[in-house]
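S.K.: This is run21.cif, which holds mmCIF, C-alpha atoms:
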```
data_protein
loop_
_atom_site.label_atom_id
_atom_site.label_comp_id
_atom_site.auth_asym_id
_atom_site.auth_seq_id
_atom_site.Cartn_x
_atom_site.Cartn_y
_atom_site.Cartn_z
CA MET N 1 41.43 -40.93 -126.56
CA ALA N 2 37.80 -41.87 -127.20
CA LEU N 3 35.92 -45.15 -127.05
CA VAL N 4 34.73 -45.78 -130.63
CA LEU N 5 32.36 -48.48 -131.87
CA LEU N 6 31.88 -49.31 -135.56
CA ASP N 7 29.19 -51.35 -137.27
CA ARG N 8 30.36 -54.47 -139.14
CA ALA N 9 34.12 -54.07 -138.52
CA LYS N 10 35.79 -57.47 -138.88
CA VAL N 11 39.28 -58.55 -139.96
CA VAL N 12 41.26 -61.78 -139.78
CA ALA N 13 44.49 -61.01 -137.92
CA THR N 14 47.85 -61.94 -139.35
CA SER N 15 49.59 -64.92 -137.75
CA MET N 16 49.62 -64.89 -133.93
CA THR N 17 51.50 -67.09 -131.50
CA GLY N 18 51.21 -67.03 -127.72
CA THR N 19 50.27 -63.88 -125.84
CA LEU N 20 51.76 -61.29 -128.18
CA PRO N 21 50.47 -57.85 -127.17
CA ASN N 22 49.01 -56.85 -130.55
CA TYR N 23 46.61 -58.00 -133.23
CA THR N 24 47.89 -56.89 -136.63
CA LEU N 25 44.82 -56.19 -138.76
CA THR N 26 46.32 -55.52 -142.21
CA ASN N 27 44.23 -58.15 -144.03
CA ALA N 28 41.26 -56.90 -146.04
CA PRO N 29 37.89 -57.28 -144.32
CA PRO N 30 35.47 -59.90 -145.71
CA ALA N 31 32.85 -58.72 -148.22
CA GLY N 32 30.19 -56.63 -146.47
CA PHE N 33 32.48 -55.62 -143.59
CA VAL N 34 34.81 -52.68 -142.89
CA ASP N 35 38.31 -52.51 -141.41
CA PHE N 36 39.24 -50.93 -138.08
CA ASN N 37 40.62 -47.64 -139.49
CA GLY N 38 37.36 -45.86 -138.60
CA VAL N 39 38.25 -46.28 -134.92
CA GLY N 40 40.97 -43.66 -135.40
CA ASP N 41 44.53 -43.49 -134.23
CA GLY N 42 44.98 -43.80 -130.47
CA ASN N 43 41.30 -44.47 -129.75
CA THR N 44 39.97 -47.52 -127.94
CA THR N 45 37.30 -50.00 -128.95
CA TYR N 46 35.64 -53.11 -127.58
CA TYR N 47 36.72 -56.16 -129.56
CA ALA N 48 36.29 -59.91 -129.70
CA ALA N 49 38.85 -62.31 -131.15
CA VAL N 50 37.86 -65.89 -131.96
CA GLU N 51 39.42 -68.95 -133.49
CA GLY N 52 38.48 -72.56 -132.88
CA ASP N 53 37.67 -73.09 -129.21
CA HIS N 54 39.44 -69.89 -128.10
CA PHE N 55 37.94 -66.42 -127.60
CA GLU N 56 38.90 -63.13 -126.04
CA ILE N 57 36.73 -60.05 -125.41
CA GLY N 58 38.34 -56.82 -124.30
CA ILE N 59 39.18 -53.18 -124.84
CA GLY N 60 42.01 -52.49 -127.26
CA THR N 61 43.82 -49.37 -128.42
CA PHE N 62 44.03 -48.97 -132.20
CA ALA N 63 46.99 -47.50 -134.10
CA THR N 64 46.40 -46.61 -137.76
CA SER N 65 50.13 -46.96 -138.42
CA GLY N 66 50.48 -50.67 -139.05
CA GLU N 67 46.77 -51.23 -138.31
CA VAL N 68 47.51 -52.66 -134.88
CA LEU N 69 45.07 -53.29 -132.02
CA THR N 70 46.99 -53.43 -128.73
CA ARG N 71 45.65 -55.69 -126.00
CA THR N 72 46.66 -56.05 -122.35
CA ASP N 73 45.67 -58.51 -119.62
CA GLY N 74 44.17 -55.67 -117.61
CA ASN N 75 41.75 -54.85 -120.44
CA VAL N 76 40.54 -58.39 -121.20
CA ILE N 77 36.93 -58.68 -120.03
CA LYS N 78 36.32 -62.38 -120.78
CA SER N 79 38.36 -65.12 -122.38
CA THR N 80 38.96 -68.84 -122.52
CA ASN N 81 42.22 -68.18 -120.65
CA SER N 82 40.75 -67.32 -117.23
CA ASN N 83 39.85 -63.83 -118.48
CA ASN N 84 43.44 -63.04 -119.48
CA LYS N 85 44.93 -62.67 -122.94
CA VAL N 86 44.48 -65.87 -124.92
CA ASN N 87 47.64 -67.86 -125.46
CA TRP N 88 47.05 -68.44 -129.18
CA PRO N 89 48.37 -71.69 -130.65
CA SER N 90 51.27 -71.33 -133.10
CA ASN N 91 50.37 -69.50 -136.34
CA SER N 92 46.80 -68.72 -135.28
CA THR N 93 44.80 -66.26 -137.37
CA PRO N 94 41.93 -65.19 -135.12
CA THR N 95 39.02 -63.24 -136.52
CA VAL N 96 38.84 -59.90 -134.70
CA PHE N 97 35.67 -57.82 -134.72
CA ILE N 98 34.18 -54.88 -132.87
CA THR N 99 31.43 -55.73 -130.44
CA GLN N 100 29.86 -54.29 -127.34
CA PRO N 101 30.05 -56.64 -124.36
CA SER N 102 26.63 -57.21 -122.85
CA ASP N 103 27.74 -56.17 -119.37
CA LYS N 104 28.79 -52.77 -120.79
CA ALA N 105 25.47 -52.14 -122.57
CA VAL N 106 22.71 -49.72 -121.62
CA PHE N 107 19.16 -50.67 -122.57
CA THR N 108 16.05 -48.64 -123.24
CA ALA N 109 12.45 -49.81 -123.39
CA VAL N 110 11.69 -51.50 -126.71
CA SER N 111 8.84 -49.10 -127.49
CA TYR N 112 10.94 -46.10 -126.40
CA THR N 113 8.14 -44.95 -124.16
CA HIS N 114 9.10 -43.20 -121.00
CA LEU N 115 8.08 -44.74 -117.73
CA ARG N 116 6.69 -42.63 -114.95
CA ALA N 117 8.45 -42.84 -111.61
CA HIS N 118 5.78 -45.12 -110.10
CA GLU N 119 5.55 -47.52 -113.09
CA THR N 120 7.51 -50.73 -113.44
CA ARG N 121 8.38 -52.91 -116.41
CA GLU N 122 8.73 -56.61 -115.69
CA ASP N 123 9.99 -57.27 -119.24
CA LEU N 124 13.20 -55.23 -118.93
CA VAL N 125 16.30 -57.08 -117.81
CA PHE N 126 19.61 -55.39 -117.11
CA PRO N 127 22.96 -57.23 -116.90
CA HIS N 128 23.36 -56.56 -113.18
CA MET N 129 20.00 -58.31 -112.60
CA LEU N 130 21.18 -61.63 -114.09
#
```
When written as structure tokens, how does the structure in this file appear?
M.R.:
Amino acid sequence: MALVLLDRAKVVATSMTGTLPNYTLTNAPPAGFVDFNGVGDGNTTYYAAVEGDHFEIGIGTFATSGEVLTRTDGNVIKSTNSNNKVNWPSNSTPTVFITQPSDKAVFTAVSYTHLRAHETREDLVFPHML
């Protein structure tokens, strides 16, 4: 099981209600985007799901059979539900897309120059510094 990120993967989930464990992603992606199948069966990905005032960011496991992204409370990183799975209103259709949460990112210098051990860069900010 690998962690896989894709560029421009976005799908509107089929109808959700409550804290169901899965996002079913069988709808076609909008023009200019791709579906989640590139993640591969059994692999994980970072995702965000949004609709109205609700959002959820987490790590989900994708199954190509049924195009399902499984979510669990333990893998929700941030949400409007106290960082647990969102309790979606009846018949919600959240937009689900692949993203990399900022606190999971690794940054390099913008110019890609290497710093010597004694040099410092005041313009670099890392999530743990915020």
S.K.: Do you know which residues are at most 12 Å from N:Thr24 counting all atoms listed in the file, after dropping those on the same chain fewer than 4 positions away, and could you put them as JSON, numbers by chain?
M.R.: {"N": [11, 12, 13, 14, 15, 16, 17, 20, 28, 35, 36, 49, 60, 61, 62, 63, 64, 65, 66, 67, 68, 69, 70, 71, 92, 93, 94, 95, 96]}
S.K.: At what distance in Å, to one decimal, does atom CA of N:Gly32 lie from atom CA of N:Thr72?
M.R.: 29.2 Å
S.K.: Between N:Met1, N:Val39, N:Val86, N:Ala48, which has the minimum distance to N:Gln100 (counting only C-alpha atoms)?
M.R.: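 Comparing N:Met1, N:Val39, N:Val86, N:Ala48 against N:Gln100, the winner is N:Ala48.
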S.K.: Could you list the residues chosen by the PyMOL selection byres ((chain N and resi 34) around 7) in this structure as a list of chain:residue names?
M.R.: N:Arg8, N:Ala9, N:Lys10, N:Pro29, N:Phe33, N:Asp35, N:Phe36
S.K.: Please list as a ChimeraX atom specification every residue within 12 Å of N:Pro101, counting all atoms listed in the file and excluding residues in the same chain fewer than 5 positions away.
M.R.: /N:5,45-48,56-59,76-78,106,127
S.K.: Go through N:Leu3, N:Asp53, N:Asn27, N:Gly18 and flag the residue nearest N:Asp41, using all atoms listed in the file for the distances.
M.R.: N:Leu3
S.K.: Rounded to one decimal in Å, what is the spacing between atom CA of N:Phe97 and atom CA of N:Ser82?
M.R.: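 Computing it gives 20.5 Å between the two atoms.
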S.K.: So how far away is atom CA of N:Asn37 from atom CA of N:Asn75, in Å?
M.R.: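 Atom-to-atom, atom CA of N:Asn75 to atom CA of N:Asn37, that is 20.4 Å.
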S.K.: Could you pull out every residue with an atom within 6 Å of (37.8, -68.5, -123.2), file coordinates, counting all atoms listed in the file, and send them as a ChimeraX atom specification?
M.R.: /N:54-55,79-81
